[in-house]
Amino acid sequence: MIDKQLKRLLREIENETRLTAPFTGRPSLDPRVMQAMAEVPRDAFIPDGYRDLAYDNGPLPIGYGQTISQPYIVALMTDFLELSPESTVLEIGTGSGYQAAILSRLAKKVYSIERVEELAKAAESRLKKLGYDNVETRHDNGYKGWQEKAPFDAIIVTAAAEHIPPDLVEQLKPGGRMVIPVGQPRAHQELLLVTKDGDGEIKVRKLLDVAFVPLVNDEYKGSQLF
Ligand code: SAH
C-alpha cells in the first residue's frame with residue numbers, strides 16, 4: 001500500500017519539477033535526491049491524525065502552528081544544495097526532522113536547529129530511533145546559525161525570513177550554497193539560492209514563489225511575527 005503511494009508521490013515530484021523548470025532552471029532532480037525521497041519513511045514524521053496523508057504531495061500540520069513541508073519543495077531545496085557525501089550541512093527549522101533525515105542520506109553530517117522545544121525534543125528522539133545517526137539537533141534560535149560548528153558547505157532554512165540572516169551568510173564556506181525562503185509572512189515569499197564563491201563574493205538567485213511558516217527571530221523583538 002505505502003509502496004504504491006510512494007511511487008505516485010515520486011512521480012508527482014518529478015512532474016512538478018518539470019512544470020516549474022521555467023522558473024528554477026532544473027527540469028529534473030539528482031537521482032540521489034530522488035533515492036533519499038524514496039528511502040525516508042515520511043509517515044514516521046507525521047502526527048497520528050494525518051498519517052493517511054503522509055504520501056500526498058502537500059504540507060501537513062505537526063503542532064505548535066508549524067508544518068512539515070511539501071515533499072516536492074523538500075526535494076527541490078535539497079537538490080539545490082548539491083550535497084556530496086563529504087558535505088556538512090546546517091538546517092534552520094528542524095520541525096518534524098523529516099528534511100534533516102533526507103539531508104542525512106546525502107551528506108556526511110547534518111546540524112539542525114529548532115526554536116520550539118517540544119518539536120526539537122520529539123525530532124531528536126525520532127531521528128535517533130530511526131537510526132539517522134549523523135544528525136545533531138539543538139534547541140535554539142537558528143537566526144544566528146551554529147557558530148561552533150561553522151563553516152558549512154550548505155545551509156537550508158525551512159522557515160521564511162524577512163531578509164537573509166547575515167550570520168548564516170557568514171557561516172557558509174567559500175563555494176557554499178544556501179537555500180532560503182525570504183519575504184513577509186502570509187504573503188509573497190521567494191525561494192532564494194545564495195552562493196558564496198571562492199573569493200567570498202555572494203550571489204543571490206530567485207528560484208520560485210513559495211509559502212512557508214515564518215522564521216521567528218526571538219532576539220529581535222522588532223521582527224516578532226506572532
Ligand atoms: N524542516 C521541517 C519543517 C519546518 S517548519 C520538517 O522537515 O518537518 C519550520 C520550522 O522552523 C518550525 O518548526 C519552526 O518552529 C522553526 N523555526 C521558526 N523560526 C525559527 C528560528 N529562528 N530558529 C529555529 N527554528 C525556527
# chains A, B, ... in the order shown; residues from 1 in each chain; ligands from 1

call {"tool": "residues_around", "arguments": {"residues": "region 194-210 of chain A", "least_positions_apart": "4", "cutoff": "6 Å", "atoms": "only C-alpha atoms", "output": "MDAnalysis selection string"}}
result
chainID A and resid 24 174:178 189:190

call {"tool": "residues_near_ligand", "arguments": {"ligand": "ligand 1", "cutoff": "7 Å", "atoms": "only C-alpha atoms and all ligand atoms", "output": "PyMOL selection string"}}
result
chain A and resi 66-69+92-100+113-116+119+140-143+158-159+213-218

call {"tool": "select_by_dssp", "arguments": {"residues": "region 145-191 of chain A", "states": "alpha helix (DSSP H)", "output": "PyMOL selection string"}}
result
chain A and resi 166-170

call {"tool": "closest_residue", "arguments": {"among": "A:Glu162, A:Glu16, A:Glu219, A:Asp133", "to": "Tyr72 (chain A)", "atoms": "only C-alpha atoms"}}
result
A:Glu16

call {"tool": "closest_residue", "arguments": {"among": "A:Glu39, A:Ile73, A:Pro31, A:Ala187", "to": "Thr17 (chain A)", "atoms": "only C-alpha atoms"}}
result
A:Ile73

call {"tool": "atom_distance", "arguments": {"atom1": "CA of Gln147 (chain A)", "atom2": "CA of Val135 (chain A)"}}
result
16.6 Å

call {"tool": "atom_distance", "arguments": {"atom1": "CA of Pro151 (chain A)", "atom2": "CA of Ser84 (chain A)"}}
result
15.6 Å

call {"tool": "closest_residue", "arguments": {"among": "A:Ala54, A:Leu192, A:Ala154, A:Leu60", "to": "Glu86 (chain A)", "atoms": "only C-alpha atoms"}}
result
A:Ala154

call {"tool": "select_by_dssp", "arguments": {"residues": "region 28-96 of chain A", "states": "strand (DSSP E or B)", "output": "NGL selection string"}}
result
:A and (60-63 or 66-68 or 88-92)

call {"tool": "atom_distance", "arguments": {"atom1": "CA of Ile2 (chain A)", "atom2": "CA of Glu136 (chain A)"}}
result
28.5 Å

call {"tool": "residues_around", "arguments": {"residues": "Val89 (chain A)", "least_positions_apart": "4", "cutoff": "9 Å", "atoms": "only C-alpha atoms", "output": "number ranges by chain"}}
result
A: 81, 83, 103-104, 107-112, 152-156

call {"tool": "write_last_selection", "arguments": {"atoms": "N, CA, C and O atoms", "output": "CSV table (one decimal), in the first residue's frame"}}
result
chain,number,residue,atom,x,y,z
A,81,LEU,N,21.1,22.3,-3.0
A,81,LEU,CA,22.2,22.3,-2.0
A,81,LEU,C,23.4,21.6,-2.7
A,81,LEU,O,24.6,21.8,-2.2
A,83,LEU,N,24.7,18.5,-2.5
A,83,LEU,CA,25.5,17.9,-1.4
A,83,LEU,C,26.3,16.8,-2.0
A,83,LEU,O,25.9,16.1,-2.9
A,103,LEU,N,18.5,15.0,4.3
A,103,LEU,CA,19.8,15.5,4.2
A,103,LEU,C,20.8,14.5,4.7
A,103,LEU,O,21.9,14.4,4.1
A,104,SER,N,20.5,13.8,5.7
A,104,SER,CA,21.4,12.8,6.3
A,104,SER,C,21.8,11.7,5.4
A,104,SER,O,22.9,11.1,5.5
A,107,ALA,N,24.6,13.7,2.9
A,107,ALA,CA,25.7,14.5,3.5
A,107,ALA,C,26.5,13.6,4.5
A,107,ALA,O,26.0,12.6,5.0
A,108,LYS,N,27.6,14.2,4.9
A,108,LYS,CA,28.4,13.5,6.0
A,108,LYS,C,27.8,13.8,7.3
A,108,LYS,O,27.6,12.9,8.2
A,109,LYS,N,27.5,15.1,7.6
A,109,LYS,CA,27.0,15.5,8.9
A,109,LYS,C,25.9,16.5,8.7
A,109,LYS,O,26.0,17.5,7.9
A,110,VAL,N,24.8,16.4,9.5
A,110,VAL,CA,23.7,17.4,9.4
A,110,VAL,C,23.6,18.0,10.8
A,110,VAL,O,23.4,17.3,11.8
A,111,TYR,N,23.6,19.3,10.9
A,111,TYR,CA,23.2,20.0,12.1
A,111,TYR,C,21.9,20.7,11.9
A,111,TYR,O,21.7,21.3,10.9
A,112,SER,N,21.0,20.6,12.9
A,112,SER,CA,19.7,21.2,12.7
A,112,SER,C,19.2,21.9,14.0
A,112,SER,O,19.3,21.3,15.1
A,152,PHE,N,29.9,25.9,7.0
A,152,PHE,CA,29.1,24.8,6.4
A,152,PHE,C,29.2,24.8,4.9
A,152,PHE,O,29.3,25.9,4.3
A,153,ASP,N,29.2,23.6,4.3
A,153,ASP,CA,29.1,23.5,2.8
A,153,ASP,C,27.8,24.0,2.3
A,153,ASP,O,27.7,24.5,1.2
A,154,ALA,N,26.8,23.8,3.1
A,154,ALA,CA,25.4,24.1,2.7
A,154,ALA,C,24.5,24.5,3.9
A,154,ALA,O,24.7,23.9,5.0
A,155,ILE,N,23.6,25.4,3.7
A,155,ILE,CA,22.7,25.8,4.7
A,155,ILE,C,21.3,25.8,4.1
A,155,ILE,O,21.1,26.3,3.0
A,156,ILE,N,20.3,25.2,4.8
A,156,ILE,CA,18.9,25.2,4.3
A,156,ILE,C,18.1,25.8,5.4
A,156,ILE,O,18.1,25.4,6.6

call {"tool": "closest_residue", "arguments": {"among": "A:Leu6, A:Met77, A:Leu130, A:Leu168", "to": "Ala44 (chain A)", "atoms": "only C-alpha atoms"}}
result
A:Leu130

call {"tool": "residues_around", "arguments": {"residues": "Arg32 (chain A)", "least_positions_apart": "2", "cutoff": "12 Å", "atoms": "only C-alpha atoms", "output": "ChimeraX atom specification"}}
result
/A:28-30,34-39,75,78-79,82-85,102-107
